[in-house]
$ cat start-v7.cif   # mmCIF, C-alpha atoms
data_final
#
loop_
_atom_site.label_atom_id
_atom_site.label_comp_id
_atom_site.auth_asym_id
_atom_site.auth_seq_id
_atom_site.Cartn_x
_atom_site.Cartn_y
_atom_site.Cartn_z
CA MET A 1404 0.66 34.65 -21.41
CA SER A 1405 -0.41 34.93 -17.76
CA THR A 1406 1.53 37.23 -15.45
CA GLU A 1407 0.29 35.58 -12.26
CA SER A 1408 2.89 34.62 -9.66
CA GLN A 1409 1.14 31.43 -8.63
CA LEU A 1410 -1.29 28.91 -10.05
CA ASN A 1411 -4.99 29.32 -9.48
CA LEU A 1412 -5.63 25.67 -8.59
CA ALA A 1413 -9.39 26.16 -8.94
CA ARG A 1414 -8.90 26.97 -12.66
CA TYR A 1415 -5.62 25.25 -13.66
CA VAL A 1416 -6.92 22.43 -15.84
CA PRO A 1417 -3.89 20.06 -15.52
CA ALA A 1418 -4.22 20.20 -11.72
CA LEU A 1419 -8.00 19.73 -11.81
CA LEU A 1420 -7.61 16.68 -14.05
CA ASN A 1421 -4.81 15.30 -11.86
CA PHE A 1422 -6.68 15.82 -8.60
CA LEU A 1423 -9.76 14.11 -10.01
CA SER A 1424 -7.73 11.24 -11.46
CA ASN A 1425 -5.74 10.73 -8.25
CA LYS A 1426 -8.87 10.61 -6.11
CA LEU A 1427 -10.70 8.27 -8.49
CA SER A 1428 -7.66 5.98 -8.77
CA ALA A 1429 -7.17 5.82 -5.00
CA GLY A 1430 -10.84 5.01 -4.46
CA ALA A 1431 -10.86 2.40 -7.22
CA SER A 1432 -7.68 0.80 -5.92
CA GLN A 1433 -9.09 0.57 -2.39
CA CYS A 1434 -12.36 -0.93 -3.67
CA TYR A 1435 -10.75 -3.38 -6.10
CA ARG A 1436 -8.14 -4.55 -3.58
CA LYS A 1437 -10.81 -5.15 -0.95
CA HIS A 1438 -13.22 -7.01 -3.22
CA PHE A 1439 -11.05 -8.53 -5.96
CA GLY A 1440 -7.46 -8.61 -4.69
CA ILE A 1441 -6.13 -6.32 -7.42
CA GLY A 1442 -5.24 -2.65 -7.61
CA VAL A 1443 -6.30 -0.06 -10.14
CA VAL A 1444 -3.19 -0.61 -12.29
CA GLU A 1445 -3.96 -4.34 -12.57
CA TRP A 1446 -7.55 -3.40 -13.45
CA ARG A 1447 -6.23 -1.18 -16.25
CA MET A 1448 -4.21 -4.12 -17.59
CA LEU A 1449 -7.24 -6.44 -17.48
CA SER A 1450 -9.48 -3.88 -19.18
CA MET A 1451 -6.88 -3.17 -21.86
CA LEU A 1452 -6.46 -6.90 -22.55
CA ALA A 1453 -10.22 -7.38 -22.70
CA VAL A 1454 -10.31 -4.82 -25.51
CA GLU A 1455 -7.07 -5.80 -27.27
CA ASN A 1456 -5.81 -9.27 -26.34
CA ASP A 1457 -2.43 -10.83 -27.20
CA ILE A 1458 -0.44 -7.58 -27.13
CA THR A 1459 2.97 -6.47 -25.86
CA ALA A 1460 3.70 -4.58 -22.67
CA ASN A 1461 4.94 -1.71 -24.85
CA ARG A 1462 1.54 -1.49 -26.54
CA ILE A 1463 -0.11 -1.29 -23.11
CA CYS A 1464 2.30 1.48 -22.05
CA GLN A 1465 1.60 3.48 -25.23
CA THR A 1466 -2.16 3.18 -24.89
CA ILE A 1467 -2.60 3.69 -21.15
CA GLY A 1468 0.30 6.09 -20.60
CA LEU A 1469 1.89 4.22 -17.70
CA ASP A 1470 5.62 3.68 -17.36
CA LYS A 1471 7.06 0.31 -18.30
CA SER A 1472 8.05 -0.66 -14.74
CA ALA A 1473 4.50 -0.20 -13.38
CA VAL A 1474 3.07 -2.19 -16.30
CA SER A 1475 5.71 -4.92 -15.85
CA ARG A 1476 5.00 -5.29 -12.13
CA SER A 1477 1.25 -5.44 -12.71
CA LEU A 1478 1.55 -7.98 -15.52
CA GLN A 1479 3.84 -10.14 -13.39
CA SER A 1480 1.36 -10.02 -10.50
CA LEU A 1481 -1.54 -10.94 -12.82
CA GLU A 1482 0.46 -13.79 -14.34
CA VAL A 1483 1.39 -15.22 -10.93
CA ALA A 1484 -2.32 -15.08 -9.99
CA GLY A 1485 -3.21 -16.93 -13.21
CA HIS A 1486 -5.20 -14.06 -14.76
CA ILE A 1487 -2.95 -13.57 -17.79
CA SER A 1488 -0.51 -15.68 -19.76
CA SER A 1489 2.62 -14.61 -21.57
CA GLN A 1490 3.88 -16.09 -24.81
CA VAL A 1491 6.58 -15.36 -27.40
CA ASP A 1492 5.30 -12.92 -30.02
CA SER A 1493 4.61 -14.79 -33.26
CA LYS A 1494 5.77 -11.73 -35.25
CA ASP A 1495 8.97 -11.05 -33.27
CA ALA A 1496 10.61 -13.75 -31.13
CA ARG A 1497 12.44 -11.08 -29.10
CA ARG A 1498 9.15 -9.90 -27.58
CA ASN A 1499 6.42 -11.45 -25.49
CA THR A 1500 2.72 -10.84 -25.77
CA VAL A 1501 0.19 -11.18 -22.98
CA SER A 1502 -3.40 -12.33 -23.04
CA LEU A 1503 -6.22 -12.97 -20.61
CA THR A 1504 -6.77 -16.46 -19.27
CA ASP A 1505 -10.25 -17.76 -18.48
CA SER A 1506 -9.63 -16.67 -14.88
CA GLY A 1507 -8.65 -13.19 -16.09
CA LYS A 1508 -11.76 -12.94 -18.26
CA ALA A 1509 -13.94 -13.92 -15.31
CA LEU A 1510 -12.20 -11.40 -13.01
CA HIS A 1511 -12.56 -8.72 -15.66
CA GLY A 1512 -16.29 -9.39 -15.86
CA ARG A 1513 -16.70 -9.07 -12.08
CA VAL A 1514 -14.67 -5.86 -11.80
CA LEU A 1515 -16.31 -4.35 -14.89
CA LYS A 1516 -19.70 -4.29 -13.15
CA VAL A 1517 -18.20 -2.31 -10.26
CA ALA A 1518 -16.22 0.00 -12.56
CA LEU A 1519 -19.32 0.85 -14.58
CA GLU A 1520 -21.32 1.56 -11.42
CA ARG A 1521 -18.51 3.84 -10.19
CA GLU A 1522 -18.61 5.65 -13.56
CA ARG A 1523 -22.42 5.91 -13.38
CA ARG A 1524 -22.14 7.51 -9.94
CA LEU A 1525 -19.41 9.90 -11.12
CA LEU A 1526 -21.52 11.09 -14.05
CA SER A 1527 -24.87 11.08 -12.24
CA GLY A 1528 -24.85 14.86 -11.82
CA LEU A 1529 -24.54 15.41 -15.57
CA SER A 1530 -27.16 15.19 -18.31
CA ALA A 1531 -26.65 12.81 -21.24
CA SER A 1532 -25.69 15.72 -23.49
CA GLU A 1533 -23.23 17.02 -20.87
CA VAL A 1534 -21.62 13.57 -20.74
CA ASP A 1535 -21.32 13.60 -24.55
CA THR A 1536 -19.77 17.08 -24.39
CA LEU A 1537 -17.37 16.00 -21.64
CA ILE A 1538 -16.25 12.98 -23.66
CA GLU A 1539 -15.75 15.14 -26.74
CA LEU A 1540 -13.77 17.74 -24.78
CA LEU A 1541 -11.60 15.09 -23.10
CA GLY A 1542 -10.88 13.61 -26.53
CA ARG A 1543 -9.86 17.02 -27.82
CA LEU A 1544 -7.60 17.56 -24.80
CA HIS A 1545 -6.10 14.11 -25.30
CA SER A 1546 -5.26 14.99 -28.90
CA GLN A 1547 -3.23 17.97 -27.60
CA VAL A 1548 -1.00 15.96 -25.27
CA SER A 1549 1.87 15.54 -27.75
CA ASN A 1550 1.68 19.27 -28.56
CA VAL A 1551 1.97 20.06 -24.84
CA ASN A 1552 4.72 17.51 -24.23
CA ASP A 1553 6.70 18.79 -27.23
CA TYR A 1554 6.92 22.26 -25.66
CA ASP A 1555 10.48 23.16 -24.69
CA PRO A 1556 10.81 26.46 -22.77
CA ALA A 1557 14.50 26.81 -23.65
CA PRO A 1558 15.29 30.26 -25.11
#

$ encode --input "start-v7.cif" --output "C-alpha cells"
Amino acid sequence: MSTESQLNLARYVPALLNFLSNKLSAGASQCYRKHFGIGVVEWRMLSMLAVENDITANRICQTIGLDKSAVSRSLQSLEVAGHISSQVDSKDARRNTVSLTDSGKALHGRVLKVALERERRLLSGLSASEVDTLIELLGRLHSQVSNVNDYDPAP
C-alpha cells in the first residue's frame, strides 16, 4: 500500500488511461461531427451494431460500458436520422432491439475508414509486437475491472 499523500499522475494508470481516452474521444467526436454529422457515442453505437446487429440497448450498455441515458439519446438520434431501426424483440415483447439500416451500414463504412486511419496514426510509434503486447495488456486490465469495481473500502 502506497503512503503517498497525492497521486503521481505520470504513473497512475487509471488517470493515464482516462486522459488518453478523453483526448481520443474529443478528437474523434470533433472529426466525426464535422465530416459525418455524428459524435463519438453515435459512432460507438454504429460500430457495435455492425458487429452484433439486432440487439437491445442493455446489451450495448453492457458491452461498451456507457450509461443507459447516453446510449438511449444516441440511439434516438441515429433512428431519427434513419441510420438504425427499432423493433420489438422477438424473444421478449417488453424489449426493443435495434439494427442498422442500409443508411447506417453505409455511414458505418465511411466512418470506419477514418477510425482505422486514426488508430493507425495512434499506433504508428509502436512496433507490431508492441501493439500485440499492448492489446494483450489492455485485455488483462479489462478482465480486472469487476475485481476493481467490487472493492469496498469500508472497514

$ resolve_selection --input "start-v7.cif" --expression "the PyMOL selection byres ((chain A and resi 1457) around 10)" --output "NGL selection string"
:A and (1452-1453 or 1455-1456 or 1458-1460 or 1487-1490 or 1492 or 1499-1503)

$ write_last_selection --input "start-v7.cif" --atoms "C-alpha atoms" --output "tab-separated table (two decimals), in the coordinates of the input"
chain	number	residue	atom	x	y	z
A	1452	LEU	CA	-6.46	-6.90	-22.55
A	1453	ALA	CA	-10.22	-7.38	-22.70
A	1455	GLU	CA	-7.07	-5.80	-27.27
A	1456	ASN	CA	-5.81	-9.27	-26.34
A	1458	ILE	CA	-0.44	-7.58	-27.13
A	1459	THR	CA	2.97	-6.47	-25.86
A	1460	ALA	CA	3.70	-4.58	-22.67
A	1487	ILE	CA	-2.95	-13.57	-17.79
A	1488	SER	CA	-0.51	-15.68	-19.76
A	1489	SER	CA	2.62	-14.61	-21.57
A	1490	GLN	CA	3.88	-16.09	-24.81
A	1492	ASP	CA	5.30	-12.92	-30.02
A	1499	ASN	CA	6.42	-11.45	-25.49
A	1500	THR	CA	2.72	-10.84	-25.77
A	1501	VAL	CA	0.19	-11.18	-22.98
A	1502	SER	CA	-3.40	-12.33	-23.04
A	1503	LEU	CA	-6.22	-12.97	-20.61

$ residues_around --input "start-v7.cif" --residues "Glu1445 (chain A)" --least-positions-apart "3" --cutoff "8 Å" --atoms "only C-alpha atoms" --output "number ranges by chain"
A: 1441-1442, 1448-1449, 1477-1478, 1481

$ resolve_selection --input "start-v7.cif" --expression "the PyMOL selection byres ((chain A and resi 1511) around 8)" --output "list in words"
Trp1446, Leu1449, Ser1450, Ala1453, Gly1507, Lys1508, Ala1509, Leu1510, Gly1512, Arg1513, Val1514 and Leu1515 of chain A

$ write_last_selection --input "start-v7.cif" --atoms "C-alpha atoms" --output "short mmCIF file (atom, residue, chain, number, x, y, z; two decimals), keeping the file's coordinate frame"
data_model
loop_
_atom_site.label_atom_id
_atom_site.label_comp_id
_atom_site.auth_asym_id
_atom_site.auth_seq_id
_atom_site.Cartn_x
_atom_site.Cartn_y
_atom_site.Cartn_z
CA TRP A 1446 -7.55 -3.40 -13.45
CA LEU A 1449 -7.24 -6.44 -17.48
CA SER A 1450 -9.48 -3.88 -19.18
CA ALA A 1453 -10.22 -7.38 -22.70
CA GLY A 1507 -8.65 -13.19 -16.09
CA LYS A 1508 -11.76 -12.94 -18.26
CA ALA A 1509 -13.94 -13.92 -15.31
CA LEU A 1510 -12.20 -11.40 -13.01
CA GLY A 1512 -16.29 -9.39 -15.86
CA ARG A 1513 -16.70 -9.07 -12.08
CA VAL A 1514 -14.67 -5.86 -11.80
CA LEU A 1515 -16.31 -4.35 -14.89
#

$ closest_residue --input "start-v7.cif" --among "A:Val1517, A:Ile1467, A:Arg1476, A:Tyr1415" --to "Phe1439 (chain A)" --atoms "all atoms listed in the file"
A:Val1517

$ resolve_selection --input "start-v7.cif" --expression "the PyMOL selection byres ((chain A and resi 1432) around 8)" --output "mmCIF file with C-alpha atoms, in the coordinates of the input"
data_model
loop_
_atom_site.group_PDB
_atom_site.id
_atom_site.type_symbol
_atom_site.label_atom_id
_atom_site.label_comp_id
_atom_site.auth_asym_id
_atom_site.auth_seq_id
_atom_site.Cartn_x
_atom_site.Cartn_y
_atom_site.Cartn_z
ATOM 1 C CA SER A 1428 -7.660 5.980 -8.770
ATOM 2 C CA ALA A 1429 -7.170 5.820 -5.000
ATOM 3 C CA GLY A 1430 -10.840 5.010 -4.460
ATOM 4 C CA ALA A 1431 -10.860 2.400 -7.220
ATOM 5 C CA GLN A 1433 -9.090 0.570 -2.390
ATOM 6 C CA CYS A 1434 -12.360 -0.930 -3.670
ATOM 7 C CA TYR A 1435 -10.750 -3.380 -6.100
ATOM 8 C CA ARG A 1436 -8.140 -4.550 -3.580
ATOM 9 C CA ILE A 1441 -6.130 -6.320 -7.420
ATOM 10 C CA GLY A 1442 -5.240 -2.650 -7.610
ATOM 11 C CA VAL A 1443 -6.300 -0.060 -10.140
ATOM 12 C CA VAL A 1444 -3.190 -0.610 -12.290
#

$ atom_distance --input "start-v7.cif" --atom1 "CA of Gln1547 (chain A)" --atom2 "CA of Lys1426 (chain A)"
23.4 Å

$ atom_distance --input "start-v7.cif" --atom1 "CA of Arg1462 (chain A)" --atom2 "CA of Ser1549 (chain A)"
17.1 Å
